[in-house]
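Student: File query.csv follows (CSV, C-alpha atoms and all ligand atoms):
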```csv
chain,number,residue,atom,x,y,z
A,165,MET,CA,-16.4,-27.7,-7.8
A,166,THR,CA,-14.8,-24.2,-8.0
A,167,ASP,CA,-13.4,-23.1,-4.7
A,168,ARG,CA,-15.1,-20.6,-2.5
A,169,GLN,CA,-12.6,-17.8,-2.8
A,170,THR,CA,-12.6,-17.9,-6.6
A,171,ILE,CA,-16.4,-17.5,-6.5
A,172,ILE,CA,-16.4,-14.7,-4.0
A,173,ASP,CA,-13.6,-12.8,-5.9
A,174,ASN,CA,-15.4,-13.1,-9.2
A,175,VAL,CA,-18.7,-12.0,-7.8
A,176,LYS,CA,-17.2,-9.0,-6.0
A,177,SER,CA,-15.3,-8.0,-9.1
A,178,ARG,CA,-18.5,-8.1,-11.3
A,179,TYR,CA,-20.6,-6.1,-8.9
A,180,GLY,CA,-17.8,-3.7,-8.0
A,181,GLN,CA,-17.6,-2.8,-11.7
A,182,ILE,CA,-21.4,-2.4,-11.9
A,183,ALA,CA,-21.4,-0.1,-8.9
A,184,ARG,CA,-18.5,2.0,-10.2
A,185,ALA,CA,-20.3,2.4,-13.6
A,186,SER,CA,-23.6,3.4,-11.9
A,187,THR,CA,-24.2,7.1,-11.7
A,188,PRO,CA,-27.1,8.5,-9.6
A,189,SER,CA,-29.1,8.9,-12.8
A,190,CYS,CA,-28.5,5.6,-14.5
A,191,CYS,CA,-30.7,2.5,-14.4
A,192,GLY,CA,-29.8,-1.2,-14.8
A,193,GLY,CA,-26.3,-2.3,-15.4
A,194,GLY,CA,-25.9,-5.9,-16.4
A,195,GLY,CA,-26.3,-7.9,-13.1
A,196,CYS,CA,-28.5,-10.8,-12.7
A,197,ALA,CA,-31.1,-9.5,-15.0
A,198,THR,CA,-28.8,-9.1,-18.0
A,199,GLU,CA,-30.0,-12.0,-20.0
A,200,ALA,CA,-33.5,-11.5,-18.7
A,201,SER,CA,-33.7,-7.8,-19.4
A,202,ASP,CA,-37.1,-8.1,-20.9
A,203,ILE,CA,-38.5,-9.9,-17.9
A,204,SER,CA,-40.6,-7.8,-15.5
A,205,LEU,CA,-39.2,-7.8,-12.0
A,206,GLY,CA,-42.7,-7.1,-10.6
A,207,TYR,CA,-42.1,-3.5,-9.4
A,208,LYS,CA,-45.0,-1.1,-9.8
A,209,PRO,CA,-44.1,2.2,-11.5
A,210,GLU,CA,-45.5,4.1,-8.5
A,211,GLU,CA,-43.3,2.1,-6.1
A,212,LEU,CA,-40.1,3.0,-8.0
A,213,GLY,CA,-41.5,6.5,-8.6
A,214,ALA,CA,-41.6,7.1,-4.9
A,215,ILE,CA,-37.9,6.6,-4.3
A,216,PRO,CA,-35.2,9.0,-5.6
A,217,LYS,CA,-34.0,8.7,-9.1
A,218,GLY,CA,-30.7,6.8,-9.2
A,219,ALA,CA,-31.6,4.8,-6.1
A,220,SER,CA,-34.0,2.7,-8.2
A,221,MET,CA,-31.3,0.6,-10.0
A,222,SER,CA,-32.4,-3.0,-9.6
A,223,LEU,CA,-30.2,-6.0,-10.4
A,224,GLY,CA,-32.7,-8.4,-9.0
A,225,CYS,CA,-35.1,-11.0,-10.3
A,226,GLY,CA,-38.3,-10.3,-8.4
A,227,ASN,CA,-39.9,-7.9,-5.9
A,228,PRO,CA,-39.5,-9.5,-2.5
A,229,THR,CA,-40.9,-6.6,-0.5
A,230,SER,CA,-44.2,-7.0,-2.4
A,231,VAL,CA,-45.0,-10.2,-0.5
A,232,ALA,CA,-43.1,-9.4,2.8
A,233,ASP,CA,-46.1,-7.8,4.5
A,234,LEU,CA,-43.9,-5.3,6.2
A,235,LYS,CA,-45.4,-3.3,9.0
A,236,PRO,CA,-44.6,0.1,10.7
A,237,GLY,CA,-41.9,-0.4,13.4
A,238,GLU,CA,-40.4,-3.6,12.0
A,239,VAL,CA,-36.6,-4.2,11.6
A,240,VAL,CA,-35.8,-5.6,8.2
A,241,LEU,CA,-32.6,-7.1,6.8
A,242,ASP,CA,-31.8,-7.1,3.1
A,243,LEU,CA,-29.2,-9.8,2.0
A,244,GLY,CA,-27.1,-8.5,-0.8
A,245,SER,CA,-28.5,-5.0,-0.9
A,246,GLY,CA,-26.7,-3.7,-4.0
A,247,GLY,CA,-27.6,-0.1,-4.7
A,248,GLY,CA,-30.3,-0.3,-2.0
A,249,VAL,CA,-33.5,-0.3,-4.0
A,250,ASP,CA,-35.4,-2.9,-1.9
A,251,CYS,CA,-34.1,-1.3,1.3
A,252,PHE,CA,-35.6,2.0,0.3
A,253,LEU,CA,-38.9,0.4,-0.6
A,254,ALA,CA,-38.9,-1.4,2.8
A,255,ALA,CA,-38.0,1.8,4.6
A,256,LYS,CA,-41.2,3.4,3.4
A,257,LYS,CA,-43.2,0.5,4.7
A,258,VAL,CA,-41.6,0.3,8.2
A,259,GLY,CA,-41.6,4.1,8.7
A,260,ASP,CA,-39.6,6.1,11.2
A,261,ARG,CA,-40.2,3.7,14.1
A,262,GLY,CA,-38.8,0.8,12.0
A,263,PHE,CA,-35.3,0.2,10.6
A,264,VAL,CA,-33.7,-1.4,7.5
A,265,ILE,CA,-30.2,-2.9,7.4
A,266,GLY,CA,-28.6,-3.8,4.0
A,267,VAL,CA,-25.7,-6.2,3.9
A,268,ASP,CA,-23.4,-6.5,0.9
A,269,MET,CA,-19.9,-7.9,0.5
A,270,THR,CA,-18.9,-5.5,-2.3
A,271,GLU,CA,-17.4,-2.2,-1.0
A,272,GLU,CA,-18.3,-0.2,-4.1
A,273,MET,CA,-22.0,-1.3,-3.7
A,274,ILE,CA,-22.0,-0.3,0.0
A,275,ASP,CA,-20.6,3.1,-1.1
A,276,LEU,CA,-23.3,3.5,-3.8
A,277,ALA,CA,-26.1,2.5,-1.4
A,278,ARG,CA,-24.9,4.9,1.2
A,279,HIS,CA,-24.7,7.6,-1.4
A,280,ASN,CA,-28.3,6.8,-2.5
A,281,ALA,CA,-29.5,6.8,1.1
A,282,LYS,CA,-27.9,10.2,1.8
A,283,THR,CA,-29.3,11.7,-1.4
A,284,GLY,CA,-32.8,10.4,-0.6
A,285,GLY,CA,-32.6,11.5,3.0
A,286,TYR,CA,-33.3,8.1,4.5
A,287,SER,CA,-32.6,8.1,8.2
A,288,ASN,CA,-34.0,4.6,8.9
A,289,VAL,CA,-31.7,2.7,6.6
A,290,SER,CA,-28.0,1.7,7.1
A,291,PHE,CA,-25.6,-0.5,5.1
A,292,ARG,CA,-23.1,-2.9,6.5
A,293,LEU,CA,-20.2,-4.6,4.6
A,294,GLY,CA,-20.3,-8.3,5.1
A,295,GLU,CA,-21.0,-11.8,3.7
A,296,ILE,CA,-24.4,-13.4,3.8
A,297,GLU,CA,-22.8,-16.6,4.9
A,298,GLU,CA,-21.6,-14.9,8.1
A,299,LEU,CA,-24.0,-12.0,8.7
A,300,PRO,CA,-22.7,-9.0,10.7
A,301,VAL,CA,-26.0,-9.0,12.6
A,302,ASP,CA,-26.9,-10.0,16.2
A,303,THR,CA,-28.9,-13.2,16.8
A,304,GLY,CA,-32.7,-12.9,17.0
A,305,THR,CA,-32.9,-9.2,16.2
A,306,ILE,CA,-34.7,-9.2,12.8
A,307,ASP,CA,-38.4,-9.2,12.1
A,308,ALA,CA,-38.2,-9.8,8.4
A,309,ILE,CA,-35.5,-10.7,5.9
A,310,ILE,CA,-35.7,-9.8,2.2
A,311,SER,CA,-33.3,-10.6,-0.6
A,312,ASN,CA,-33.3,-10.2,-4.3
A,313,CYS,CA,-31.3,-12.4,-6.6
A,314,VAL,CA,-28.3,-12.9,-4.2
A,315,ILE,CA,-28.4,-16.3,-2.5
A,316,ASN,CA,-27.7,-18.1,-5.8
A,317,LEU,CA,-24.4,-16.2,-5.9
A,318,ALA,CA,-23.2,-17.5,-2.5
A,319,PRO,CA,-20.8,-20.5,-2.5
A,320,ASP,CA,-22.6,-22.2,0.4
A,321,LYS,CA,-26.4,-21.8,0.5
A,322,THR,CA,-26.8,-24.1,3.5
A,323,ARG,CA,-24.8,-21.6,5.6
A,324,VAL,CA,-26.8,-18.7,4.3
A,325,PHE,CA,-30.1,-20.3,5.3
A,326,LYS,CA,-28.7,-21.1,8.7
A,327,GLU,CA,-27.6,-17.5,9.2
A,328,MET,CA,-31.0,-16.3,8.1
A,329,PHE,CA,-32.6,-18.5,10.8
A,330,ARG,CA,-30.1,-17.3,13.4
A,331,VAL,CA,-30.7,-13.6,13.0
A,332,LEU,CA,-34.5,-13.8,12.8
A,333,ARG,CA,-36.5,-13.5,16.0
A,334,PRO,CA,-38.9,-16.4,16.8
A,335,GLY,CA,-41.9,-15.9,14.5
A,336,GLY,CA,-39.8,-13.8,12.1
A,337,ARG,CA,-40.0,-14.4,8.4
A,338,PHE,CA,-38.2,-14.2,5.1
A,339,SER,CA,-39.3,-13.2,1.6
A,340,VAL,CA,-36.6,-14.0,-1.0
A,341,SER,CA,-36.5,-13.7,-4.8
A,342,ASP,CA,-33.9,-15.9,-6.4
A,343,VAL,CA,-32.9,-17.8,-9.5
A,344,VAL,CA,-33.4,-21.6,-9.3
A,345,ALA,CA,-32.7,-24.4,-11.7
A,346,LYS,CA,-35.0,-27.1,-13.0
A,347,GLY,CA,-32.9,-30.1,-13.7
A,348,ALA,CA,-29.1,-30.4,-13.3
A,349,ILE,CA,-27.0,-27.5,-14.4
A,350,PRO,CA,-24.5,-28.7,-17.1
A,351,LEU,CA,-21.0,-29.0,-15.6
A,352,ASN,CA,-19.4,-26.6,-18.1
A,353,VAL,CA,-22.0,-24.0,-17.0
A,354,ARG,CA,-21.5,-24.7,-13.3
A,355,LYS,CA,-17.8,-24.0,-13.7
A,356,ASN,CA,-18.2,-20.8,-15.7
A,357,MET,CA,-17.4,-17.9,-13.3
A,358,GLU,CA,-18.8,-15.3,-15.6
A,359,GLN,CA,-22.1,-17.1,-15.6
A,360,TRP,CA,-21.9,-17.6,-11.8
A,361,ALA,CA,-21.7,-13.9,-11.3
A,362,GLY,CA,-24.6,-13.5,-13.8
A,363,CYS,CA,-26.8,-15.6,-11.4
A,364,ILE,CA,-26.9,-18.7,-13.6
A,365,SER,CA,-24.2,-21.2,-12.6
A,366,GLY,CA,-24.8,-21.0,-8.8
A,367,ALA,CA,-28.5,-21.6,-9.0
A,368,LEU,CA,-29.7,-24.6,-6.9
A,369,ASP,CA,-32.2,-27.1,-8.2
A,370,LYS,CA,-35.7,-25.7,-7.1
A,371,ASN,CA,-36.5,-28.8,-4.9
A,372,ASP,CA,-33.0,-28.8,-3.3
A,373,TYR,CA,-33.4,-25.1,-2.5
A,374,LEU,CA,-36.7,-25.6,-0.7
A,375,GLN,CA,-35.3,-28.6,1.1
A,376,LYS,CA,-32.3,-26.6,2.4
A,377,VAL,CA,-34.7,-23.9,3.6
A,378,ALA,CA,-36.7,-26.5,5.5
A,379,ASP,CA,-33.5,-28.2,6.9
A,380,ALA,CA,-32.4,-24.8,8.3
A,381,GLY,CA,-35.6,-24.9,10.5
A,382,PHE,CA,-38.1,-22.8,8.6
A,383,GLU,CA,-41.8,-23.7,8.4
A,384,ARG,CA,-44.8,-22.6,6.2
A,385,ILE,CA,-42.5,-22.3,3.2
A,386,GLU,CA,-44.4,-21.2,0.1
A,387,ILE,CA,-43.5,-20.1,-3.4
A,388,ARG,CA,-45.4,-16.9,-4.0
A,389,SER,CA,-44.4,-16.3,-7.6
A,390,GLU,CA,-42.5,-18.2,-10.3
A,391,VAL,CA,-41.3,-17.0,-13.7
A,392,ASP,CA,-39.7,-19.5,-16.1
A,393,TYR,CA,-36.8,-18.1,-18.2
A,394,ASP,CA,-36.2,-19.0,-21.8
A,395,PHE,CA,-32.5,-18.3,-21.9
A,396,GLN,CA,-30.1,-21.2,-21.3
A,397,ARG,CA,-33.0,-23.6,-21.7
A,398,THR,CA,-32.2,-27.1,-23.0
A,399,ASP,CA,-34.3,-30.3,-23.2
A,400,ASP,CA,-33.6,-31.3,-19.6
A,401,PHE,CA,-32.6,-28.0,-18.0
A,402,SER,CA,-34.1,-24.6,-17.4
A,403,LEU,CA,-33.9,-21.6,-15.1
A,404,ALA,CA,-36.6,-19.7,-13.2
A,405,SER,CA,-37.1,-16.9,-10.8
A,406,VAL,CA,-39.0,-17.7,-7.7
A,407,THR,CA,-40.2,-15.6,-4.8
A,408,VAL,CA,-40.3,-17.7,-1.6
A,409,VAL,CA,-41.5,-17.0,1.9
A,410,GLY,CA,-41.0,-18.9,5.1
A,411,TYR,CA,-41.2,-18.5,8.9
A,412,LYS,CA,-39.0,-19.2,11.9
A,413,PRO,CA,-41.2,-21.1,14.4
A,414,LEU,CA,-42.6,-18.9,17.1
A,415,ASN,CA,-41.7,-21.4,19.8
A,416,HIS,CA,-38.0,-21.6,18.7
A,417,HIS,CA,-35.6,-20.8,21.5
A,418,PRO,CA,-31.9,-21.2,21.1
A,419,ARG,CA,-30.3,-23.8,23.4
B,1,LIG,C1,-27.6,-9.3,-8.5
B,1,LIG,S1,-27.1,-8.1,-7.4
B,1,LIG,C2,-28.6,-7.8,-6.6
B,1,LIG,C3,-28.6,-6.5,-5.8
B,1,LIG,C4,-29.9,-6.1,-5.2
B,1,LIG,N1,-30.4,-7.1,-4.3
B,1,LIG,C5,-30.9,-5.7,-6.3
B,1,LIG,O1,-31.9,-6.4,-6.4
B,1,LIG,O2,-30.7,-4.8,-7.0
B,1,LIG,C6,-26.2,-9.1,-6.2
B,1,LIG,C7,-25.6,-8.3,-5.0
B,1,LIG,O3,-25.3,-9.2,-4.0
B,1,LIG,C8,-24.0,-9.0,-3.5
B,1,LIG,N2,-23.5,-10.3,-3.1
B,1,LIG,C9,-23.2,-11.4,-3.9
B,1,LIG,N3,-22.8,-12.4,-3.1
B,1,LIG,C10,-22.8,-12.0,-1.8
B,1,LIG,C11,-22.4,-12.6,-0.6
B,1,LIG,N4,-21.9,-13.9,-0.6
B,1,LIG,N5,-22.4,-11.9,0.5
B,1,LIG,C12,-22.9,-10.6,0.5
B,1,LIG,N6,-23.2,-9.9,-0.7
B,1,LIG,C13,-23.2,-10.6,-1.8
B,1,LIG,C14,-23.3,-8.4,-4.7
B,1,LIG,O4,-22.2,-7.6,-4.2
B,1,LIG,C15,-24.4,-7.6,-5.3
B,1,LIG,O5,-24.4,-6.3,-4.8
```
Show how you would write the structure in this file as structure tokens.
Tutor:
Amino acid sequence: MTDRQTIIDNVKSRYGQIARASTPSCCGGGGCATEASDISLGYKPEELGAIPKGASMSLGCGNPTSVADLKPGEVVLDLGSGGGVDCFLAAKKVGDRGFVIGVDMTEEMIDLARHNAKTGGYSNVSFRLGEIEELPVDTGTIDAIISNCVINLAPDKTRVFKEMFRVLRPGGRFSVSDVVAKGAIPLNVRKNMEQWAGCISGALDKNDYLQKVADAGFERIEIRSEVDYDFQRTDDFSLASVTVVGYKPLNHHPR
């Protein structure tokens, strides 16, 4: 297994490059969706049309806000917010009484997202530098978590799901789009850092993913959409994008 710091350094380097190459008027940039560039992420043109040009760069693999059922006044946390596209979509839904926090470990992405927020005049969104395995967020303060094609990039998914559980209030929920594997990822792919940063090598087996989510304490876990990918497919292995929702039990009180 490749060590944690090597994974983090490679992922930061890849997304730092993408952020630096992104101008306010450019779209796309070779992140997770590189090999799946013909795959629809599920955004409606009118959704993206409503946020400023340049802020709509998506490196994701789904549309988590579409199934997050966000309501005015809610506090939303986006894990691995990139240029901020899902934060800006969420900001519209929660309105002026609500708030959206984006967390990303790549400084250049945070700079880009802050630039986009300023250009778009968003006063209910802020971006924090940090890792999703150790969220810079207080316990029990979040109504809804969203994330788009990020958890597969983290070295330790168990820690990520535990952190999600910690920061949500009782009854809070998550809506996450991510890449998962069906079958075992070949060892040579698992060790390939370029493919890890491209959202392939770090993908968990779909059943393991759902089990880890349940082990963290979530309930009512449900896959809301699933798209099978053709790239990297072999006879006994393939990749897919899933959008998963789950809830922190309402009666959960920390000891
Ligand atoms: C594939 S991009 C997705 C960005 C955004 N969610 C979107 O849909 O456009 C992955 C983002 O997650 C960030 N990231 C990857 N691993 C992370 C980690 N362990 N902690 C925090 N951010 C991470 C990267 O810096 C990058 O901005």
Student: Could you tell me how far CA of Ala378 (chain A) sits from CA of Glu238 (chain A), in Å to one decimal place?
Tutor: 24.1 Å
Student: Please return, as a ChimeraX atom specification, all polymer residues that have at least one atom within 10 Å of the point (-25.2, -24.5, 3.7); use all atoms listed in the file and the file's own coordinate frame.
Tutor: /A:297,318-327,376-377,379-380
Student: Could you check the closest approach to ligand LIG 1 (chain B) for each of A:Val391, A:Val249, A:Ala308, A:Val264 and tell me which residue wins, using all atoms listed in the file?
Tutor: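 Ranked by minimum distance to ligand LIG 1 (chain B), first place goes to A:Val249.
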Student: Would you list the contacts of Ala214 (chain A) as a list of chain:residue names, taking every protein, DNA or RNA residue within 10 Å and counting all atoms listed in the file, but skipping same-chain residues closer than 3 positions in sequence?
Tutor: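 Contacts, in chain order: A:Pro209, A:Glu210, A:Glu211, A:Lys217, A:Ser220, A:Phe252, A:Leu253, A:Lys256.
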Student: Please compute the CA of Gly213 (chain A)-CA of Ala185 (chain A) distance, one decimal, in Å.
Tutor: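 Going from CA of Gly213 (chain A) over to CA of Ala185 (chain A) covers 22.2 Å.
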Student: If I take CA of Pro228 (chain A) and CA of Gln359 (chain A), how far is one from the other in Å, to one decimal?
Tutor: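 If I compute the distance from CA of Pro228 (chain A) to CA of Gln359 (chain A), I get 23.1 Å.
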Student: Using the partial input, fill out region 222-242 of chain A with N, CA and C atoms; write the result as a PDB file, in the coordinates of the input.
Tutor:
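Writing the result to rebuild.pdb gives the following:
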```pdb
ATOM      1  N   SER A 222     -32.184  -1.673 -10.136  1.00  0.00           N
ATOM      2  CA  SER A 222     -32.400  -3.000  -9.600  1.00  0.00           C
ATOM      3  C   SER A 222     -31.629  -4.029 -10.433  1.00  0.00           C
ATOM      4  N   LEU A 223     -30.895  -4.877  -9.736  1.00  0.00           N
ATOM      5  CA  LEU A 223     -30.200  -6.000 -10.400  1.00  0.00           C
ATOM      6  C   LEU A 223     -30.840  -7.289  -9.979  1.00  0.00           C
ATOM      7  N   GLY A 224     -32.074  -7.207  -9.556  1.00  0.00           N
ATOM      8  CA  GLY A 224     -32.700  -8.400  -9.000  1.00  0.00           C
ATOM      9  C   GLY A 224     -33.516  -9.190  -9.999  1.00  0.00           C
ATOM     10  N   CYS A 225     -34.300 -10.132  -9.469  1.00  0.00           N
ATOM     11  CA  CYS A 225     -35.100 -11.000 -10.300  1.00  0.00           C
ATOM     12  C   CYS A 225     -36.517 -11.157  -9.812  1.00  0.00           C
ATOM     13  N   GLY A 226     -36.933 -10.214  -8.978  1.00  0.00           N
ATOM     14  CA  GLY A 226     -38.300 -10.300  -8.400  1.00  0.00           C
ATOM     15  C   GLY A 226     -38.528  -9.022  -7.590  1.00  0.00           C
ATOM     16  N   ASN A 227     -39.572  -9.067  -6.790  1.00  0.00           N
ATOM     17  CA  ASN A 227     -39.900  -7.900  -5.900  1.00  0.00           C
ATOM     18  C   ASN A 227     -40.259  -8.462  -4.542  1.00  0.00           C
ATOM     19  N   PRO A 228     -39.222  -8.808  -3.739  1.00  0.00           N
ATOM     20  CA  PRO A 228     -39.500  -9.500  -2.500  1.00  0.00           C
ATOM     21  C   PRO A 228     -40.297  -8.672  -1.466  1.00  0.00           C
ATOM     22  N   THR A 229     -40.170  -7.340  -1.488  1.00  0.00           N
ATOM     23  CA  THR A 229     -40.900  -6.600  -0.500  1.00  0.00           C
ATOM     24  C   THR A 229     -42.434  -6.632  -0.789  1.00  0.00           C
ATOM     25  N   SER A 230     -42.811  -6.962  -2.037  1.00  0.00           N
ATOM     26  CA  SER A 230     -44.200  -7.000  -2.400  1.00  0.00           C
ATOM     27  C   SER A 230     -44.991  -8.072  -1.628  1.00  0.00           C
ATOM     28  N   VAL A 231     -44.280  -9.121  -1.186  1.00  0.00           N
ATOM     29  CA  VAL A 231     -45.000 -10.200  -0.500  1.00  0.00           C
ATOM     30  C   VAL A 231     -44.438 -10.331   0.971  1.00  0.00           C
ATOM     31  N   ALA A 232     -43.691  -9.321   1.441  1.00  0.00           N
ATOM     32  CA  ALA A 232     -43.100  -9.400   2.800  1.00  0.00           C
ATOM     33  C   ALA A 232     -44.021  -8.941   3.878  1.00  0.00           C
ATOM     34  N   ASP A 233     -45.111  -8.293   3.499  1.00  0.00           N
ATOM     35  CA  ASP A 233     -46.100  -7.800   4.500  1.00  0.00           C
ATOM     36  C   ASP A 233     -45.457  -7.016   5.597  1.00  0.00           C
ATOM     37  N   LEU A 234     -44.601  -6.079   5.216  1.00  0.00           N
ATOM     38  CA  LEU A 234     -43.900  -5.300   6.200  1.00  0.00           C
ATOM     39  C   LEU A 234     -44.792  -4.298   6.914  1.00  0.00           C
ATOM     40  N   LYS A 235     -44.548  -4.136   8.220  1.00  0.00           N
ATOM     41  CA  LYS A 235     -45.400  -3.300   9.000  1.00  0.00           C
ATOM     42  C   LYS A 235     -44.613  -2.169   9.682  1.00  0.00           C
ATOM     43  N   PRO A 236     -45.277  -1.031   9.979  1.00  0.00           N
ATOM     44  CA  PRO A 236     -44.600   0.100  10.700  1.00  0.00           C
ATOM     45  C   PRO A 236     -43.886  -0.434  11.923  1.00  0.00           C
ATOM     46  N   GLY A 237     -42.644  -0.015  12.128  1.00  0.00           N
ATOM     47  CA  GLY A 237     -41.900  -0.400  13.400  1.00  0.00           C
ATOM     48  C   GLY A 237     -41.052  -1.603  13.241  1.00  0.00           C
ATOM     49  N   GLU A 238     -41.154  -2.331  12.123  1.00  0.00           N
ATOM     50  CA  GLU A 238     -40.400  -3.600  12.000  1.00  0.00           C
ATOM     51  C   GLU A 238     -38.908  -3.318  11.633  1.00  0.00           C
ATOM     52  N   VAL A 239     -38.068  -4.289  12.021  1.00  0.00           N
ATOM     53  CA  VAL A 239     -36.600  -4.200  11.600  1.00  0.00           C
ATOM     54  C   VAL A 239     -36.434  -5.254  10.509  1.00  0.00           C
ATOM     55  N   VAL A 240     -35.910  -4.757   9.393  1.00  0.00           N
ATOM     56  CA  VAL A 240     -35.800  -5.600   8.200  1.00  0.00           C
ATOM     57  C   VAL A 240     -34.328  -5.685   7.783  1.00  0.00           C
ATOM     58  N   LEU A 241     -33.956  -6.850   7.300  1.00  0.00           N
ATOM     59  CA  LEU A 241     -32.600  -7.100   6.800  1.00  0.00           C
ATOM     60  C   LEU A 241     -32.638  -7.493   5.358  1.00  0.00           C
ATOM     61  N   ASP A 242     -31.846  -6.799   4.510  1.00  0.00           N
ATOM     62  CA  ASP A 242     -31.800  -7.100   3.100  1.00  0.00           C
ATOM     63  C   ASP A 242     -30.435  -7.785   2.792  1.00  0.00           C
TER      64      ASP A 242
END
```
